[in-house]
Structure formats: structure tokens, C-alpha cells
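Colleague: Dumping the structure here so I can ask a few things about it.
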Amino acid sequence: MQTSIQVGRIIGIPIRLHFSFFILLPLIVLMFAEAPGPVGLGNLGELSTPFRLSLAAIAAFLFFLSLLLHELSHSYVAMKYGTKIRGITLFIFGGIAMMEDLPKEPDKELRIAIVGPLMSFAIGGAFLFTYFGIAAVHVAIYDPLTILLFSLGLLNVVLATFNLLPAFPMDGGRVLRAFLAKRMQFLKATRRAVFVGKTFAVIMAIVGFMPDPFILYSTGDVRIPFNPFLAFIALFLYIAATEEESATITVATLEGLTVKQVMRTDNASVLEDIPITALVEKMLAEKNAEYAVVNEDGEFKGFVTFGEIKKLSAEQRYPLNVSDIIISSFDIMSDVISQGEEAIEALKRMVSTKKKVLAVEGEESGKIIGIITKRDLAMFIEMLKGRG
């Protein structure tokens, strides 16, 4: 399911908008339009509604532009260290730069992590400097322009400060991991940073359920107001920290292993001219659901899976050969990996291309000698964890 749309590219990086962005955008516009000063235009009753909403829309655009600059700064520094950026997505919590192979060197990760908040502080400082500059020359500081300058400056400073909380996987959490990784193994540093991040998430969730002390004091109301936004952020941080820990464990587990050590060589390929009916019998006998398809010379042609066969009725299967239902990509060599490649590279390729199987070629022969599947990798990882 497509959850975001691409709206352009900057320095070669695809820029996407998540569907949640379109939920947040009108709320941000309304915040700028209706919130009381000095963060919104709510106190300026003399403004017409169309003019107020137009100014608020401009402020919302500048705010999201500042979020984009925050993520671009991360991406730019990461690219300097050779990291590939798959894209930047703006969504309900702000933005995220999707990177491959973040450097494990603490100093590099520290620079990549810290530059985002520094960019937000710089943007916020520029807006606030302009605001106080206007105030210094005794120009009215409660006109629409100065209010929005102050609001944008304040929001960027708050964004930078919030991102520096040591709640993994936010920037502050990555800074914490970088400091810890200078003193211990990368995996251990990740686990400690994740623990701190989960602790912050739990605290945020608890705060979201705490009663407002002012309400209790002034009205005696004992209701516990639920703050869904804060609870949602807490849940997001907890899940993201868990996923980051799992991904790091996976990388650490596969470190040093090659495709040759994980791949399947038995019952891994079939000829392209084999009848579908014969292939079904082969699948049942070998308890296998996917094969690489090759011709008589051993050249790779694509894949055949039980899922594709299942789409065919018994009558449709009878006259067809495997070549009639081969699954192959436009660039067929993207489905092939050398047996000497690192196993983690196979997993990364499957994740980035959304494939579940790759064909494996011999380093010397160049022929297909086996396959490696996401299921095989997952099983191998679990066995190695159990052994440890």
C-alpha cells in the first residue's frame, strides 16, 4: 500500500509527503490562524478570515520547509560519509531521512545526528533575531508579520530542543549512542540508548494521562484528561526504538557472514521448460515454495513461486510451462547476488527492492548455484541468537 507521494527531488534525494502530513497541515494552519499571540494570530480580531488563513498557510509552509531543511542537513552530512539516502518523508511528527548503512564510527554518527538540531536552532535563531530586531526599533510587535516571525522562531527552537532529548531513535538518542559507542561495543551502546528511549516514551505516556494540576486546584475536577497526541508520540517512539534495536541486532548477528553460508543449494532451481503440473509435484515432494528459473545453459531467467501457481486454476496449469509465469524484474541482474557477498547485503537488497528471494551465482562459474530467501535469513538469525 502506497503511504506517501513523491513531490520532487533536492540534491538527488526524493522528497515525499506521508498521508499523515495532509492530516497535520490543516491543523498547523488553524494553529497559526487561531492561537493567541504571540504564537498565533488569534488576538488580531481586525483581520479578515481569508487574509488570516492566507498568512497562516504561508507560516505553515515555512514551518514545513524548516522541517525539510532539518532532514536535508542530516542527509547532506550522511552523504558526505558515503551513506545512500533513499528519500526524505514529511509526516505527522515532522520528517525522517531514510538512510542506508549509517556509519558505525561514533564521531560520524554524532555529526550526522547533531547537525539536524543545529539547523533547527539556526533557523529558529534567524526568525527570532529578525523579530527582536523589529522590536528594537519600536515597530509594533503585535502585527501579523512579527507574530508569525516569533512563532516560527519559537517552534524551531522547541523542535531542536525536543530532538535533543536522549530518547532513541530521535537525534538526541543517536548522540547518546555515539557517546556510548566510544566506550563499549556498538550493539551494547544501541541497547542502552534504546532503553533510555523506551523509558522516555513510558514517561511521556504517563504524563499524557496525568491530571492537570491547575484544573484540580481551581475546580476540584478529578477527571484525568487523556492527551492522545502525547500518547501517540510515546507509542511511536517506543515502537521505533524497538525496531531500531532489532535492526541493529540483525546487522550484528549477520556481520562477517557471506551469502554462501546462508544460501540454499538443494532444490533451488528449475528449468524454464518444465511443465507447471510437474513443478507442483516437485514443490510438494521437496516442500519448497520458490525456485530460481534457468535455461539449459544455466542462465538466470527469473523466479517461480507457489503464490504465482496458486493464482492458476487446474485447467490453466495443464498446458503451461514455467517460462509462461516467470517473475522477473526489469533489470534481471538486480535479482542475482554473488555467493561471496556479505549476507547483510542480501537482506538490505531484499528490503530496498521489496523482494523475498534472490538468486545466487557462483563467483567463478557465473552460473546460478542456489537461492537465498528472507525466510532463510530470518531462520538463520534466530538460530544464531539461540546459540549465543
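The chains in the C-alpha cells are called A, B, ... from first to last as shown; in each chain the residues are counted from 1, and the ligands are counted from 1 in the order shown.
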Which neighbours of A:Glu290 fall inside 7 Å, counting only C-alpha atoms, when residues of the same chain fewer than 3 positions from it are skipped, and could you give them as a CSV table (one decimal) with N, CA and C atoms, in the first residue's frame?

Modeller:
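What landed in result-v5.csv:
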chain,number,residue,atom,x,y,z
A,304,VAL,N,10.0,-18.5,-9.9
A,304,VAL,CA,8.7,-19.1,-9.9
A,304,VAL,C,8.4,-19.4,-8.5
A,305,THR,N,7.2,-19.0,-8.0
A,305,THR,CA,6.8,-19.2,-6.6
A,305,THR,C,5.4,-19.9,-6.6
A,306,PHE,N,5.1,-20.5,-5.4
A,306,PHE,CA,3.9,-21.2,-5.2
A,306,PHE,C,2.7,-20.2,-5.3

Colleague: Can you list every residue in stretch 232-315 of chain A that DSSP puts in strand (DSSP E), as a PyMOL selection string?

Modeller: chain A and resi 269-271+290-294+300-305

Colleague: Atoms to include: C-alpha atoms. Write the selected residues as an mmCIF file, in the first residue's frame.

Modeller:
data_model
loop_
_atom_site.group_PDB
_atom_site.id
_atom_site.type_symbol
_atom_site.label_atom_id
_atom_site.label_comp_id
_atom_site.auth_asym_id
_atom_site.auth_seq_id
_atom_site.Cartn_x
_atom_site.Cartn_y
_atom_site.Cartn_z
ATOM 1 C CA SER A 269 16.377 -24.022 -9.341
ATOM 2 C CA VAL A 270 14.228 -25.453 -12.150
ATOM 3 C CA LEU A 271 14.474 -25.382 -15.941
ATOM 4 C CA GLU A 290 10.194 -20.757 -4.583
ATOM 5 C CA TYR A 291 12.785 -21.578 -7.230
ATOM 6 C CA ALA A 292 15.190 -19.724 -9.464
ATOM 7 C CA VAL A 293 14.410 -20.395 -13.133
ATOM 8 C CA VAL A 294 17.278 -21.107 -15.514
ATOM 9 C CA PHE A 300 19.082 -16.974 -14.865
ATOM 10 C CA LYS A 301 15.614 -16.111 -16.211
ATOM 11 C CA GLY A 302 13.612 -15.160 -13.138
ATOM 12 C CA PHE A 303 11.693 -16.814 -10.302
ATOM 13 C CA VAL A 304 8.681 -19.055 -9.933
ATOM 14 C CA THR A 305 6.772 -19.235 -6.649
#

Colleague: Between A:Met119, A:Val77, A:Ile337, A:Leu47, which has the minimum distance to A:Ala160 (counting only C-alpha atoms)?

Modeller: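 Comparing A:Met119, A:Val77, A:Ile337, A:Leu47 against A:Ala160, the winner is A:Met119.
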
Colleague: Write down as a count of residues only the residues belonging to stretch 20-175 of chain A that are assigned alpha helix (DSSP H) by DSSP computed on the backbone.

Modeller: 102

Colleague: Could you make a table, as a Markdown table, of the residues of stretch 160-214 of chain A that have an atom within 12 Å of an atom of stretch 64-71 of chain A, each with its nearest atom pair and distance in Å to one decimal, counting only C-alpha atoms, in chain and number order?

Modeller:
| residue | atom | partner | partner_atom | distance |
| --- | --- | --- | --- | --- |
| A:Ala160 | CA | A:His70 | CA | 9.0 |
| A:Asn163 | CA | A:His70 | CA | 10.6 |
| A:Met170 | CA | A:Glu71 | CA | 12.0 |
| A:Asp171 | CA | A:Glu71 | CA | 10.8 |

Colleague: Could you tell me how far atom CA of A:Ile85 lies from atom CA of A:Arg9, in Å and to one decimal?

Modeller: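 Interatomic distance here is 11.6 Å.
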
Colleague: Skip A:Leu148 itself and residues of its chain fewer than 6 positions away, then list as a short mmCIF file (atom, residue, chain, number, x, y, z; two decimals) with N, CA and C atoms, in the first residue's frame all residues within 7 Å of it, counting only C-alpha atoms.

Modeller:
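What landed in selection14.cif:
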data_model
loop_
_atom_site.label_atom_id
_atom_site.label_comp_id
_atom_site.auth_asym_id
_atom_site.auth_seq_id
_atom_site.Cartn_x
_atom_site.Cartn_y
_atom_site.Cartn_z
N VAL A 39 2.09 33.43 19.52
CA VAL A 39 2.37 32.29 18.65
C VAL A 39 1.35 32.15 17.52
N GLY A 40 0.29 32.92 17.54
CA GLY A 40 -0.72 32.84 16.50
C GLY A 40 -1.39 34.18 16.29
N ALA A 59 2.79 30.67 6.84
CA ALA A 59 3.58 30.29 8.01
C ALA A 59 3.73 28.77 8.09
#

Colleague: Do you know which residues are at most 7 Å from stretch 181-187 of chain A counting only C-alpha atoms, after dropping those on the same chain fewer than 3 positions away, and could you put them as a list of chain:residue names?

Modeller: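 Counting only the stated atoms, we get A:Pro106, A:Arg177, A:Ala178, A:Thr190, A:Arg191, A:Thr248, A:Ile249.
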
Colleague: Keeping N, CA and C atoms for every residue in the selection just given, could you write it to a file as a PDB file, in the first residue's frame?

Modeller:
ATOM      1  N   PRO A 106      31.516   6.283  15.917  1.00  0.00           N
ATOM      2  CA  PRO A 106      30.778   7.211  16.788  1.00  0.00           C
ATOM      3  C   PRO A 106      30.864   8.670  16.356  1.00  0.00           C
ATOM      4  N   ARG A 177      23.945   7.391  21.774  1.00  0.00           N
ATOM      5  CA  ARG A 177      24.577   6.141  21.335  1.00  0.00           C
ATOM      6  C   ARG A 177      26.004   6.394  20.859  1.00  0.00           C
ATOM      7  N   ALA A 178      26.220   7.503  20.165  1.00  0.00           N
ATOM      8  CA  ALA A 178      27.567   7.802  19.680  1.00  0.00           C
ATOM      9  C   ALA A 178      28.544   7.955  20.846  1.00  0.00           C
ATOM     10  N   THR A 190      23.789   0.546  21.537  1.00  0.00           N
ATOM     11  CA  THR A 190      22.436   0.667  20.991  1.00  0.00           C
ATOM     12  C   THR A 190      21.404   0.223  22.017  1.00  0.00           C
ATOM     13  N   ARG A 191      21.648  -0.897  22.668  1.00  0.00           N
ATOM     14  CA  ARG A 191      20.693  -1.413  23.652  1.00  0.00           C
ATOM     15  C   ARG A 191      20.504  -0.427  24.801  1.00  0.00           C
ATOM     16  N   THR A 248      19.538  -3.410  14.551  1.00  0.00           N
ATOM     17  CA  THR A 248      20.952  -3.417  14.926  1.00  0.00           C
ATOM     18  C   THR A 248      21.405  -4.817  15.317  1.00  0.00           C
ATOM     19  N   ILE A 249      20.544  -5.547  16.042  1.00  0.00           N
ATOM     20  CA  ILE A 249      20.862  -6.928  16.412  1.00  0.00           C
ATOM     21  C   ILE A 249      21.012  -7.792  15.160  1.00  0.00           C
TER      22      ILE A 249
END

Colleague: For a test of reading the model, state the distance in Å between atom CA of A:Lys198 and atom CA of A:Pro166, rounded to one decimal.

Modeller: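 Those two atoms sit 10.1 Å apart.
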
Colleague: At a cut-off of 12 Å, using only C-alpha atoms, what residues contact A:Gly366? Leave out same-chain residues fewer than 6 positions from it and give the result as number ranges by chain.

Modeller: A: 297-300, 333, 336-340, 359-360

Colleague: Show me, as a PyMOL selection string, the residues that have an atom within 12 Å of stretch 275-278 of chain A when counting only C-alpha atoms, minus same-chain residues fewer than 4 positions from it.

Modeller: chain A and resi 270-271+282-285+304-306+308-310+312-326

Colleague: Neighbouring residues of A:Ala231 were defined as those with any atom within 8 Å, considering only C-alpha atoms; residues of the same chain fewer than 6 positions away were excluded. Please report them as a list of chain:residue names.

Modeller: A:Met204, A:Ala205, A:Gly208

Colleague: Calculate how many Å separate atom CA of A:Val7 from atom CA of A:Ala97, rounding to one decimal.

Modeller: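 Distance reported for this atom pair: 15.0 Å.
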
Colleague: Which of these residues is nearest to A:Glu272, using only C-alpha atoms: A:Asn295, A:Thr83, A:Leu384, A:Ser48?

Modeller: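 Of A:Asn295, A:Thr83, A:Leu384, A:Ser48, the one nearest A:Glu272 is A:Asn295, counting only C-alpha atoms.
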